[in-house]
file work-v2.cif (mmCIF, C-alpha atoms)
data_start
loop_
_atom_site.label_atom_id
_atom_site.label_comp_id
_atom_site.auth_asym_id
_atom_site.auth_seq_id
_atom_site.Cartn_x
_atom_site.Cartn_y
_atom_site.Cartn_z
CA MET A 1 -18.80 76.53 -44.67
CA PRO A 2 -18.21 80.32 -44.61
CA ASP A 3 -17.10 82.14 -41.50
CA PRO A 4 -20.10 83.36 -39.49
CA ALA A 5 -20.96 87.06 -39.57
CA THR A 6 -19.26 87.53 -42.93
CA PRO A 7 -20.26 87.42 -46.59
CA GLU A 8 -20.63 83.85 -47.81
CA ALA A 9 -19.09 84.77 -51.13
CA THR A 10 -17.26 88.07 -51.54
CA ALA A 11 -17.54 89.67 -54.95
CA GLU A 12 -14.43 91.16 -56.52
CA TRP A 13 -14.02 94.44 -54.72
CA ASP A 14 -12.05 97.38 -56.05
CA PRO A 15 -11.08 100.46 -54.03
CA THR A 16 -13.43 102.79 -55.92
CA THR A 17 -16.45 100.54 -55.29
CA VAL A 18 -15.61 100.04 -51.63
CA VAL A 19 -15.01 103.74 -50.96
CA ALA A 20 -18.30 104.63 -52.68
CA ARG A 21 -20.17 102.10 -50.56
CA PHE A 22 -18.43 103.30 -47.41
CA GLU A 23 -19.26 106.94 -48.11
CA GLN A 24 -22.88 106.11 -48.95
CA VAL A 25 -23.42 104.32 -45.64
CA ARG A 26 -21.54 106.90 -43.57
CA SER A 27 -23.22 109.90 -45.19
CA HIS A 28 -26.69 108.42 -44.63
CA THR A 29 -26.07 108.34 -40.87
CA GLU A 30 -25.22 112.04 -40.98
CA LEU A 31 -28.30 112.73 -43.11
CA LEU A 32 -30.49 111.13 -40.44
CA ALA A 33 -28.80 113.15 -37.68
CA ALA A 34 -29.01 116.43 -39.57
CA PRO A 35 -32.50 117.51 -38.37
CA LEU A 36 -31.36 117.23 -34.74
CA SER A 37 -29.76 119.89 -32.58
CA PRO A 38 -26.71 119.10 -30.42
CA GLU A 39 -29.07 119.08 -27.45
CA ASP A 40 -31.37 116.56 -29.17
CA GLN A 41 -28.37 114.32 -29.82
CA THR A 42 -27.32 114.18 -26.16
CA VAL A 43 -30.57 113.06 -24.49
CA GLN A 44 -31.07 109.49 -23.26
CA SER A 45 -34.74 109.12 -22.38
CA MET A 46 -34.57 105.57 -20.97
CA PRO A 47 -31.89 102.85 -20.53
CA ASP A 48 -32.77 101.11 -23.81
CA VAL A 49 -32.34 104.35 -25.78
CA SER A 50 -28.92 105.68 -26.76
CA PRO A 51 -28.20 109.32 -27.61
CA THR A 52 -27.89 110.10 -31.32
CA LYS A 53 -24.31 111.27 -30.94
CA TRP A 54 -23.48 107.96 -29.21
CA HIS A 55 -24.79 106.03 -32.24
CA ARG A 56 -22.70 108.22 -34.55
CA ALA A 57 -19.61 107.66 -32.41
CA HIS A 58 -20.11 103.94 -31.78
CA VAL A 59 -20.33 102.98 -35.46
CA THR A 60 -17.14 105.00 -35.99
CA TRP A 61 -15.52 103.17 -33.08
CA PHE A 62 -16.45 99.92 -34.81
CA PHE A 63 -14.46 100.78 -37.96
CA GLU A 64 -11.58 102.15 -35.89
CA THR A 65 -11.46 99.05 -33.67
CA PHE A 66 -12.04 96.21 -36.11
CA LEU A 67 -10.48 97.69 -39.26
CA LEU A 68 -7.93 100.40 -38.52
CA ALA A 69 -6.49 98.92 -35.32
CA GLU A 70 -5.83 95.65 -37.15
CA HIS A 71 -4.63 96.93 -40.52
CA GLU A 72 -3.49 100.58 -40.37
CA GLU A 73 0.28 100.96 -40.25
CA GLY A 74 1.38 102.74 -37.07
CA PHE A 75 -2.18 102.79 -35.73
CA THR A 76 -2.99 105.23 -32.95
CA PRO A 77 -6.54 105.69 -31.68
CA PHE A 78 -8.15 109.06 -32.32
CA GLN A 79 -8.73 109.49 -28.59
CA GLU A 80 -7.84 106.88 -26.00
CA GLN A 81 -10.97 107.45 -23.88
CA TYR A 82 -13.27 106.96 -26.87
CA TRP A 83 -12.46 103.25 -26.78
CA PHE A 84 -14.01 103.15 -23.32
CA LEU A 85 -16.93 105.52 -24.01
CA PHE A 86 -18.14 104.05 -27.28
CA ASN A 87 -17.62 100.31 -26.79
CA SER A 88 -21.13 98.89 -26.65
CA TYR A 89 -20.87 95.33 -25.30
CA TYR A 90 -17.53 93.86 -26.42
CA GLU A 91 -16.29 92.70 -23.03
CA SER A 92 -13.20 91.03 -24.46
CA LEU A 93 -11.92 94.42 -25.67
CA GLY A 94 -11.87 95.92 -22.20
CA PRO A 95 -14.07 97.98 -19.87
CA ARG A 96 -16.96 100.02 -21.26
CA TYR A 97 -19.12 102.86 -20.05
CA ALA A 98 -22.48 101.79 -18.54
CA ARG A 99 -25.25 101.79 -21.13
CA PRO A 100 -27.93 103.42 -18.90
CA ASP A 101 -25.59 106.39 -18.26
CA ARG A 102 -24.76 107.32 -21.87
CA GLY A 103 -26.92 110.42 -21.63
CA LEU A 104 -24.73 111.77 -18.83
CA VAL A 105 -21.76 112.16 -21.18
CA THR A 106 -22.14 115.73 -22.42
CA ARG A 107 -18.58 115.74 -23.73
CA PRO A 108 -17.53 114.97 -26.37
CA GLY A 109 -20.37 116.93 -27.93
CA ALA A 110 -22.14 116.29 -31.22
CA HIS A 111 -19.67 118.46 -33.15
CA GLU A 112 -16.67 116.70 -31.63
CA VAL A 113 -18.22 113.36 -32.60
CA GLY A 114 -18.36 114.79 -36.12
CA ASP A 115 -14.60 115.43 -35.93
CA TYR A 116 -14.10 111.83 -34.84
CA ARG A 117 -16.16 110.54 -37.77
CA ARG A 118 -14.27 112.67 -40.29
CA ASN A 119 -10.90 111.53 -38.97
CA VAL A 120 -11.76 107.84 -39.11
CA ASP A 121 -13.46 108.20 -42.50
CA ALA A 122 -10.34 109.74 -44.01
CA ARG A 123 -8.13 107.02 -42.57
CA VAL A 124 -10.42 104.23 -43.81
CA ARG A 125 -10.43 105.73 -47.32
CA GLU A 126 -6.62 106.01 -47.27
CA LEU A 127 -6.30 102.40 -46.11
CA VAL A 128 -8.66 101.07 -48.76
CA GLU A 129 -7.14 103.08 -51.61
CA ARG A 130 -3.60 101.86 -50.99
CA LEU A 131 -4.52 98.16 -51.01
CA ASP A 132 -4.48 95.98 -54.10
CA ASP A 133 -7.58 93.91 -54.93
CA GLY A 134 -6.23 90.80 -53.25
CA ALA A 135 -5.45 92.52 -49.96
CA LEU A 136 -8.73 94.41 -50.10
CA GLY A 137 -10.63 91.17 -50.64
CA LYS A 138 -9.25 89.86 -47.35
CA LEU A 139 -10.70 92.90 -45.57
CA ALA A 140 -14.05 92.55 -47.28
CA PRO A 141 -15.73 90.58 -44.45
CA VAL A 142 -15.03 93.18 -41.75
CA LEU A 143 -15.88 96.05 -44.11
CA GLU A 144 -19.20 94.46 -45.05
CA LEU A 145 -19.98 93.74 -41.42
CA GLY A 146 -19.18 97.37 -40.61
CA PHE A 147 -21.61 98.57 -43.30
CA HIS A 148 -24.45 96.42 -41.99
CA HIS A 149 -23.61 97.26 -38.39
CA GLU A 150 -23.95 100.97 -39.20
CA GLN A 151 -27.25 100.31 -40.99
CA GLN A 152 -28.55 98.62 -37.85
CA HIS A 153 -27.70 101.75 -35.92
CA GLN A 154 -29.33 104.00 -38.51
CA GLU A 155 -32.60 102.22 -37.74
CA LEU A 156 -31.95 102.36 -33.99
CA LEU A 157 -31.04 106.05 -34.19
CA LEU A 158 -34.53 106.81 -35.53
CA MET A 159 -36.31 104.54 -33.04
CA ASP A 160 -34.36 106.15 -30.21
CA ILE A 161 -34.91 109.78 -31.21
CA LYS A 162 -38.62 109.00 -31.60
CA HIS A 163 -38.69 108.08 -27.92
CA VAL A 164 -36.59 111.10 -26.96
CA LEU A 165 -38.91 113.54 -28.73
CA SER A 166 -42.00 111.80 -27.35
CA ARG A 167 -40.83 112.68 -23.84
CA ASN A 168 -40.73 116.37 -24.71
CA PRO A 169 -44.05 117.95 -23.62
CA LEU A 170 -44.13 119.85 -26.91
CA GLN A 171 -43.82 116.50 -28.78
CA PRO A 172 -41.86 118.05 -31.63
CA SER A 173 -41.65 116.52 -35.08
CA TYR A 174 -38.38 115.00 -36.28
CA ALA A 175 -39.01 115.10 -40.03
CA GLY A 176 -41.42 114.01 -42.73
CA GLY A 177 -45.14 114.50 -43.10
CA ARG A 178 -48.38 112.65 -42.56
CA ARG A 179 -49.88 110.50 -45.30
CA ALA A 180 -53.57 110.67 -46.01
CA PRO A 181 -55.40 108.05 -43.89
CA GLY A 182 -55.84 104.71 -45.67
CA GLU A 183 -58.86 102.51 -46.21
CA PRO A 184 -59.14 99.37 -44.05
CA ASP A 185 -59.67 96.14 -45.95
CA ARG A 186 -60.54 92.55 -45.18
CA LEU A 187 -57.86 90.25 -43.83
CA GLY A 188 -56.95 87.40 -46.18
CA TRP A 189 -54.94 84.22 -45.73
CA LEU A 190 -52.26 82.28 -47.56
CA GLU A 191 -52.57 78.50 -47.18
CA VAL A 192 -49.19 76.76 -46.94
CA GLU A 193 -48.71 73.00 -47.15
CA GLY A 194 -45.65 72.82 -44.92
CA GLY A 195 -43.49 69.70 -45.00
CA LEU A 196 -39.74 69.32 -44.71
CA VAL A 197 -38.29 72.73 -45.58
CA GLU A 198 -34.93 74.47 -45.43
CA VAL A 199 -34.45 77.72 -43.53
CA GLY A 200 -31.47 79.96 -42.88
CA HIS A 201 -29.06 81.75 -45.16
CA GLY A 202 -27.73 79.61 -47.94
CA GLY A 203 -26.85 81.82 -50.90
CA ASP A 204 -24.28 84.39 -51.87
CA GLY A 205 -24.06 87.73 -50.15
CA PHE A 206 -23.84 88.99 -46.61
CA CYS A 207 -25.49 87.46 -43.58
CA PHE A 208 -25.01 87.71 -39.85
CA ASP A 209 -23.73 84.65 -38.02
CA ASN A 210 -27.13 84.03 -36.40
CA GLU A 211 -28.64 83.30 -39.84
CA LEU A 212 -26.38 80.26 -40.20
CA PRO A 213 -26.26 77.41 -40.84
CA ARG A 214 -29.00 76.58 -43.30
CA HIS A 215 -30.88 73.59 -41.96
CA ARG A 216 -34.05 71.52 -42.34
CA GLN A 217 -37.21 71.88 -40.33
CA TRP A 218 -40.58 70.13 -40.43
CA LEU A 219 -43.67 72.33 -40.71
CA GLU A 220 -47.26 71.21 -40.34
CA PRO A 221 -49.77 72.79 -42.76
CA TYR A 222 -50.55 76.36 -41.71
CA ARG A 223 -52.07 79.63 -42.77
CA ILE A 224 -50.52 83.08 -42.53
CA ALA A 225 -52.33 86.40 -42.75
CA ASP A 226 -51.85 88.40 -45.93
CA ARG A 227 -51.22 91.68 -44.08
CA LEU A 228 -50.38 93.10 -40.68
CA VAL A 229 -52.94 93.72 -37.95
CA THR A 230 -54.30 97.27 -38.29
CA ASN A 231 -54.92 100.04 -35.78
CA GLY A 232 -58.64 99.62 -36.35
CA GLU A 233 -58.44 95.96 -35.40
CA TRP A 234 -56.34 96.86 -32.36
CA LEU A 235 -58.98 99.39 -31.30
CA ALA A 236 -61.52 96.55 -31.40
CA PHE A 237 -59.23 94.47 -29.16
CA MET A 238 -59.02 97.37 -26.72
CA ALA A 239 -62.78 97.98 -26.79
CA ASP A 240 -63.35 94.30 -25.98
CA GLY A 241 -61.26 94.61 -22.82
CA GLY A 242 -58.04 93.29 -24.36
CA TYR A 243 -55.88 94.98 -21.74
CA GLU A 244 -58.21 94.02 -18.90
CA ARG A 245 -58.67 90.27 -19.37
CA PRO A 246 -55.87 88.23 -17.73
CA GLN A 247 -56.94 85.04 -19.53
CA LEU A 248 -55.58 86.49 -22.80
CA TRP A 249 -52.11 87.11 -21.45
CA LEU A 250 -49.00 85.18 -20.57
CA SER A 251 -48.33 85.50 -16.85
CA GLU A 252 -45.31 87.77 -17.20
CA GLY A 253 -47.13 89.87 -19.77
CA TRP A 254 -50.12 90.35 -17.47
CA ALA A 255 -47.75 91.41 -14.70
CA ARG A 256 -46.33 94.06 -17.05
CA VAL A 257 -49.82 95.29 -17.97
CA GLN A 258 -50.61 95.82 -14.31
CA ALA A 259 -47.24 97.19 -13.23
CA GLU A 260 -46.84 99.63 -16.12
CA GLY A 261 -50.46 100.47 -16.83
CA TRP A 262 -50.55 99.32 -20.44
CA ARG A 263 -53.88 100.04 -22.12
CA ALA A 264 -52.85 100.78 -25.72
CA PRO A 265 -49.78 100.56 -27.99
CA PHE A 266 -46.73 102.41 -26.75
CA TYR A 267 -47.06 105.81 -28.45
CA TRP A 268 -50.85 106.10 -28.17
CA SER A 269 -52.61 108.57 -25.86
CA GLU A 270 -56.29 109.36 -25.42
CA HIS A 271 -57.54 112.95 -25.45
CA ASP A 272 -61.25 113.79 -25.17
CA GLY A 273 -62.16 110.29 -26.30
CA VAL A 274 -59.87 110.38 -29.36
CA TRP A 275 -56.81 108.14 -29.60
CA LEU A 276 -53.69 109.93 -30.87
CA GLU A 277 -50.38 108.40 -31.98
CA HIS A 278 -46.98 110.05 -31.63
CA THR A 279 -44.85 109.58 -34.77
CA LEU A 280 -41.59 110.97 -36.08
CA HIS A 281 -43.65 113.49 -38.08
CA GLY A 282 -45.81 114.64 -35.15
CA THR A 283 -48.79 113.49 -33.09
CA TRP A 284 -51.96 112.64 -35.02
CA PRO A 285 -55.27 110.80 -34.68
CA VAL A 286 -54.77 107.05 -35.04
CA ASP A 287 -55.26 105.90 -38.65
CA PRO A 288 -57.46 102.77 -38.52
CA ALA A 289 -55.96 101.35 -41.73
CA SER A 290 -52.29 101.65 -40.74
CA PRO A 291 -50.51 98.75 -39.02
CA ALA A 292 -50.58 98.66 -35.24
CA THR A 293 -47.00 99.22 -34.16
CA HIS A 294 -44.84 99.63 -31.08
CA VAL A 295 -46.40 96.64 -29.36
CA SER A 296 -44.48 94.12 -27.28
CA PHE A 297 -44.35 90.37 -27.81
CA PHE A 298 -46.70 90.05 -24.85
CA GLU A 299 -49.24 92.33 -26.54
CA ALA A 300 -48.82 90.57 -29.88
CA ASP A 301 -49.44 87.19 -28.25
CA ALA A 302 -52.46 88.49 -26.31
CA TYR A 303 -53.98 89.96 -29.46
CA ALA A 304 -53.49 86.68 -31.33
CA THR A 305 -55.15 84.78 -28.48
CA TRP A 306 -58.07 87.21 -28.51
CA ALA A 307 -58.43 86.77 -32.28
CA GLY A 308 -58.43 82.97 -31.96
CA LYS A 309 -55.12 82.74 -33.80
CA ARG A 310 -51.41 82.65 -32.96
CA LEU A 311 -48.13 84.19 -34.07
CA PRO A 312 -46.18 82.43 -36.84
CA THR A 313 -42.93 80.71 -36.06
CA GLU A 314 -39.92 82.24 -37.75
CA ALA A 315 -39.58 79.14 -39.96
CA GLU A 316 -43.22 79.52 -41.06
CA TRP A 317 -42.66 83.20 -41.84
CA GLU A 318 -39.54 82.49 -43.90
CA HIS A 319 -41.06 79.52 -45.72
CA ALA A 320 -44.25 81.45 -46.51
CA ALA A 321 -42.17 84.22 -48.08
CA VAL A 322 -40.45 81.67 -50.32
CA VAL A 323 -43.75 80.01 -51.27
CA ASP A 324 -45.14 83.45 -52.13
CA GLY A 325 -42.15 84.28 -54.35
CA GLN A 326 -40.73 86.95 -52.04
CA ARG A 327 -37.23 85.76 -51.30
CA ASP A 328 -35.73 89.18 -52.03
CA PRO A 329 -37.18 92.40 -50.58
CA GLY A 330 -35.79 94.33 -53.56
CA ALA A 331 -37.19 92.04 -56.27
CA PRO A 332 -39.94 93.27 -58.62
CA THR A 333 -42.23 90.50 -57.32
CA THR A 334 -42.10 91.80 -53.75
CA SER A 335 -45.38 93.36 -52.70
CA GLY A 336 -45.04 96.92 -51.40
CA ALA A 337 -41.84 96.88 -49.36
CA ASN A 338 -42.00 100.06 -47.24
CA LEU A 339 -38.35 100.33 -46.20
CA ALA A 340 -36.37 103.49 -45.34
CA ASP A 341 -39.49 105.61 -45.61
CA LEU A 342 -38.12 109.17 -45.76
CA GLU A 343 -41.60 110.54 -46.49
CA SER A 344 -43.27 109.80 -43.16
CA PHE A 345 -40.83 107.54 -41.25
CA HIS A 346 -43.84 105.43 -40.36
CA PRO A 347 -45.70 102.26 -41.40
CA ARG A 348 -48.35 102.72 -44.07
CA ALA A 349 -51.64 101.00 -44.80
CA ALA A 350 -51.46 97.81 -46.84
CA ALA A 351 -51.89 98.22 -50.57
CA ALA A 352 -54.84 96.48 -52.18
CA PRO A 353 -54.19 92.84 -53.12
CA SER A 354 -52.77 92.51 -56.63
CA ALA A 355 -54.28 90.08 -59.12
CA GLY A 356 -51.74 87.40 -60.01
CA GLY A 357 -49.08 88.92 -57.78
CA PRO A 358 -47.73 87.99 -54.35
CA ARG A 359 -50.39 87.18 -51.77
CA LEU A 360 -48.51 88.43 -48.73
CA ARG A 361 -48.57 92.18 -48.30
CA GLN A 362 -46.26 94.23 -46.05
CA LEU A 363 -43.89 91.27 -45.76
CA TYR A 364 -40.81 93.49 -45.83
CA GLY A 365 -40.91 96.90 -44.20
CA ASP A 366 -43.59 98.77 -42.24
CA CYS A 367 -43.17 96.83 -38.95
CA TRP A 368 -40.83 94.21 -37.63
CA GLU A 369 -43.09 91.19 -37.15
CA TRP A 370 -43.07 89.27 -33.88
CA THR A 371 -42.82 85.51 -34.22
CA SER A 372 -43.45 82.84 -31.61
CA SER A 373 -39.83 81.67 -31.90
CA ALA A 374 -37.33 82.21 -29.12
CA TYR A 375 -34.01 83.65 -30.23
CA HIS A 376 -31.85 80.56 -29.95
CA PRO A 377 -28.96 79.31 -32.11
CA TYR A 378 -29.72 77.29 -35.20
CA PRO A 379 -28.53 73.65 -35.09
CA GLY A 380 -24.78 73.67 -35.74
CA PHE A 381 -24.34 77.39 -34.98
CA ARG A 382 -20.83 78.44 -34.08
CA ALA A 383 -19.88 81.97 -33.06
CA PRO A 384 -16.68 83.24 -34.72
CA ASP A 385 -13.50 83.58 -32.74
CA GLY A 386 -12.45 86.85 -31.14
CA ALA A 387 -14.46 89.91 -30.17
CA ILE A 388 -16.65 89.66 -33.28
CA GLY A 389 -18.05 86.48 -31.73
CA GLU A 390 -19.83 88.71 -29.19
CA TYR A 391 -21.93 90.33 -31.94
CA ASN A 392 -24.94 87.99 -31.74
CA GLY A 393 -24.36 84.71 -29.92
CA LYS A 394 -24.17 86.14 -26.40
CA PHE A 395 -27.75 87.44 -26.69
CA MET A 396 -29.37 84.08 -27.45
CA SER A 397 -31.39 84.07 -24.25
CA ASN A 398 -34.58 85.83 -23.08
CA GLN A 399 -35.29 87.29 -26.52
CA MET A 400 -37.86 86.65 -29.26
CA VAL A 401 -37.28 86.71 -33.02
CA LEU A 402 -38.80 89.32 -35.33
CA ARG A 403 -38.76 89.19 -39.12
CA GLY A 404 -39.18 91.41 -42.16
CA GLY A 405 -37.81 94.87 -41.40
CA CYS A 406 -39.69 98.11 -40.76
CA ALA A 407 -40.25 101.54 -42.28
CA LEU A 408 -36.88 102.65 -40.82
CA THR A 409 -34.79 99.74 -42.18
CA PRO A 410 -32.38 100.53 -45.06
CA PRO A 411 -33.57 98.65 -48.19
CA ASP A 412 -30.29 96.80 -48.83
CA HIS A 413 -30.16 95.75 -45.18
CA ALA A 414 -33.40 93.73 -45.18
CA ARG A 415 -33.43 90.13 -46.39
CA LEU A 416 -35.38 86.90 -46.15
CA THR A 417 -33.28 85.25 -43.43
CA TYR A 418 -32.60 88.30 -41.23
CA ARG A 419 -33.25 87.45 -37.56
CA ASN A 420 -33.91 90.53 -35.47
CA PHE A 421 -34.47 90.02 -31.75
CA PHE A 422 -35.81 91.95 -28.77
CA PRO A 423 -36.89 91.13 -25.19
CA HIS A 424 -40.53 90.11 -24.73
CA ALA A 425 -41.57 93.43 -23.17
CA ALA A 426 -39.83 95.78 -25.65
CA ARG A 427 -42.27 98.35 -27.05
CA TRP A 428 -40.08 101.20 -28.35
CA ALA A 429 -39.02 99.23 -31.44
CA MET A 430 -41.22 99.56 -34.54
CA SER A 431 -42.80 96.12 -34.14
CA GLY A 432 -46.18 94.80 -35.27
CA VAL A 433 -48.26 91.65 -35.68
CA ARG A 434 -49.01 89.17 -38.47
CA LEU A 435 -51.33 86.32 -37.50
CA ALA A 436 -51.10 82.62 -38.30
CA ASP A 437 -52.98 79.43 -37.49
CA GLY A 438 -53.49 75.90 -38.74
CA GLY A 439 -54.72 75.06 -42.20
CA ALA A 440 -58.48 75.04 -41.47
CA PRO A 441 -60.70 76.77 -44.07
CA VAL A 442 -61.59 80.40 -43.39
CA ARG A 443 -65.23 80.86 -42.36
CA GLN A 444 -67.16 83.35 -44.47
CA GLU A 445 -67.85 85.60 -41.48
CA GLU A 446 -64.28 85.49 -40.15
CA HIS A 447 -62.43 88.82 -40.04
CA SER A 448 -59.45 88.18 -37.81
#
call {"tool": "encode", "arguments": {"input": "work-v2.cif", "output": "structure tokens"}}
result
Amino acid sequence: MPDPATPEATAEWDPTTVVARFEQVRSHTELLAAPLSPEDQTVQSMPDVSPTKWHRAHVTWFFETFLLAEHEEGFTPFQEQYWFLFNSYYESLGPRYARPDRGLVTRPGAHEVGDYRRNVDARVRELVERLDDGALGKLAPVLELGFHHEQQHQELLLMDIKHVLSRNPLQPSYAGGRRAPGEPDRLGWLEVEGGLVEVGHGGDGFCFDNELPRHRQWLEPYRIADRLVTNGEWLAFMADGGYERPQLWLSEGWARVQAEGWRAPFYWSEHDGVWLEHTLHGTWPVDPASPATHVSFFEADAYATWAGKRLPTEAEWEHAAVVDGQRDPGAPTTSGANLADLESFHPRAAAAPSAGGPRLRQLYGDCWEWTSSAYHPYPGFRAPDGAIGEYNGKFMSNQMVLRGGCALTPPDHARLTYRNFFPHAARWAMSGVRLADGGAPVRQEEHS
């Protein structure tokens, strides 16, 4: 069995290939930060949000800590205090600065973080280029983990700056432009037989430790919706008193509705009877055909209850993707994967169903999809030794699993078995809803 949180099978790596991959990942982070001023990069608008410059520094700290500190001859940290400031949650490595207070750290500034990145980048390139293929192969697991770790933060950087800019009364645009509104279409269903199936990562290539080990699970027959729930459908939920009917909600969810005044998805606001949605490309009237996004697990569950359906389990989601021929988000058979959308940085309306093609639309990209599965370890899970073991396992409590990726996820970061996770009440993440239920036939008049 491979070590958790590492590639299951490492291809032959050569220095030129590794350096190119390293520079591609690192430069993309800087590309995403480029539209932001130093002031933009310093703001922390709530405890769950981190400043942009902190993301840029933390992913650099990761390479410095887990690669250079272990393998660079005569290693000396770039700046001693950075190990304290930019450690996220690795308790075994020493004290760390409190997450809710990251926005109070005005120094180092965004430009100084750039100096830190350039210094570590040069040292990583020098380290990689002096190693032979055998020695480099031994470093492949931590390098690959570092690449995927940075890609996680690229997605988080965009989610976080969206919240930051939404708190500005001018509601400025980050980048991108609005697509033309789409056309709503009828919700369809994929019937799945179920049975004894295998889930979890089992092939070559990278995976996080929480995707292991591959194991068997029994599934009863079920159906899964062929697209995500739309804004138009969510408006119908709201119009029918969705946020006012306690019988639709889990107890803790209803308490949140009352305490925080929820009455619409997170970035929606009503002006003169018109619902508007704040996006990374500005604030616009809600597009009825686009997926409803920035909803919590509690809202997703309440909507499903209102619709007479439920959320899929993560095993159902994964198995349905396999049945539908969509194991790989980058494969030609995948239906409309809207990942790393640099045009609008936002989910888009589902494409029309394709004759003879995959049935499930929007499976990868657009919105992370809430499942009804708690984020717990798979049977036989074992966290790796050392600080890397804190990457995923310590969070396997009070979280729910999401699948599929979103419009901000790098394309080569999404995969069939990826298990994202957030607390039940999280709304700032780009999360949406795909419905499921048992295998009963669809009534002719049924729309949800």
call {"tool": "closest_residue", "arguments": {"input": "work-v2.cif", "among": "A:Ala355, A:Leu416, A:Leu339, A:Cys406", "to": "A:Ala320", "atoms": "all atoms listed in the file"}}
result
A:Leu416
call {"tool": "closest_residue", "arguments": {"input": "work-v2.cif", "among": "A:Asn338, A:Ser45, A:Thr230, A:Asn87", "to": "A:Ala414", "atoms": "all atoms listed in the file"}}
result
A:Asn338
call {"tool": "closest_residue", "arguments": {"input": "work-v2.cif", "among": "A:Met159, A:Pro184, A:Met396, A:Glu343", "to": "A:Ser431", "atoms": "all atoms listed in the file"}}
result
A:Met159
call {"tool": "atom_distance", "arguments": {"input": "work-v2.cif", "atom1": "atom CA of A:Asp226", "atom2": "atom CA of A:Gly188"}}
result
5.2 Å
call {"tool": "closest_atom_pairs", "arguments": {"input": "work-v2.cif", "of": "stretch 147-243 of chain A", "to": "stretch 363-378 of chain A", "cutoff": "10 Å", "atoms": "all atoms listed in the file", "output": "Markdown table"}}
result
| residue | atom | partner | partner_atom | distance |
| --- | --- | --- | --- | --- |
| A:Val199 | CA | A:Tyr378 | CA | 9.6 |
| A:Gly200 | CA | A:Tyr378 | CA | 8.3 |
| A:Asp209 | CA | A:Pro377 | CA | 9.5 |
| A:Asn210 | CA | A:Pro377 | CA | 6.6 |
| A:Glu211 | CA | A:Tyr378 | CA | 7.7 |
| A:Leu212 | CA | A:Tyr378 | CA | 6.7 |
| A:Pro213 | CA | A:Tyr378 | CA | 6.6 |
| A:Arg214 | CA | A:Tyr378 | CA | 8.2 |
| A:His215 | CA | A:Tyr378 | CA | 7.8 |
| A:Asp226 | CA | A:Leu363 | CA | 8.5 |
| A:Arg227 | CA | A:Leu363 | CA | 7.5 |
| A:Leu228 | CA | A:Cys367 | CA | 8.3 |
call {"tool": "closest_residue", "arguments": {"input": "work-v2.cif", "among": "A:Val323, A:Glu277, A:Ala407, A:Pro379", "to": "A:Gln217", "atoms": "all atoms listed in the file"}}
result
A:Pro379
call {"tool": "residues_around", "arguments": {"input": "work-v2.cif", "residues": "A:Val120", "least_positions_apart": "6", "cutoff": "10 Å", "atoms": "only C-alpha atoms", "output": "PDB file with C-alpha atoms, in the frame of the given file"}}
result
ATOM      1  CA  THR A  60     -17.140 105.000 -35.990  1.00  0.00           C
ATOM      2  CA  TRP A  61     -15.520 103.170 -33.080  1.00  0.00           C
ATOM      3  CA  PHE A  63     -14.460 100.780 -37.960  1.00  0.00           C
ATOM      4  CA  GLU A  64     -11.580 102.150 -35.890  1.00  0.00           C
ATOM      5  CA  LEU A  68      -7.930 100.400 -38.520  1.00  0.00           C
ATOM      6  CA  PRO A  77      -6.540 105.690 -31.680  1.00  0.00           C
ATOM      7  CA  PHE A  78      -8.150 109.060 -32.320  1.00  0.00           C
ATOM      8  CA  GLU A 126      -6.620 106.010 -47.270  1.00  0.00           C
TER       9      GLU A 126
END
call {"tool": "residues_around", "arguments": {"input": "work-v2.cif", "residues": "A:Ser92", "least_positions_apart": "2", "cutoff": "8 Å", "atoms": "only C-alpha atoms", "output": "number ranges by chain"}}
result
A: 90, 94, 386-387
call {"tool": "resolve_selection", "arguments": {"input": "work-v2.cif", "expression": "the PyMOL selection byres ((chain A and resi 106) around 10)", "output": "JSON, numbers by chain"}}
result
{"A": [38, 39, 41, 42, 43, 53, 102, 103, 104, 105, 107, 108, 109, 110]}
call {"tool": "closest_residue", "arguments": {"input": "work-v2.cif", "among": "A:Lys309, A:His153, A:His111, A:Arg99", "to": "A:Leu408", "atoms": "all atoms listed in the file"}}
result
A:His153
call {"tool": "atom_distance", "arguments": {"input": "work-v2.cif", "atom1": "atom CA of A:Asp121", "atom2": "atom CA of A:Leu31"}}
result
15.5 Å
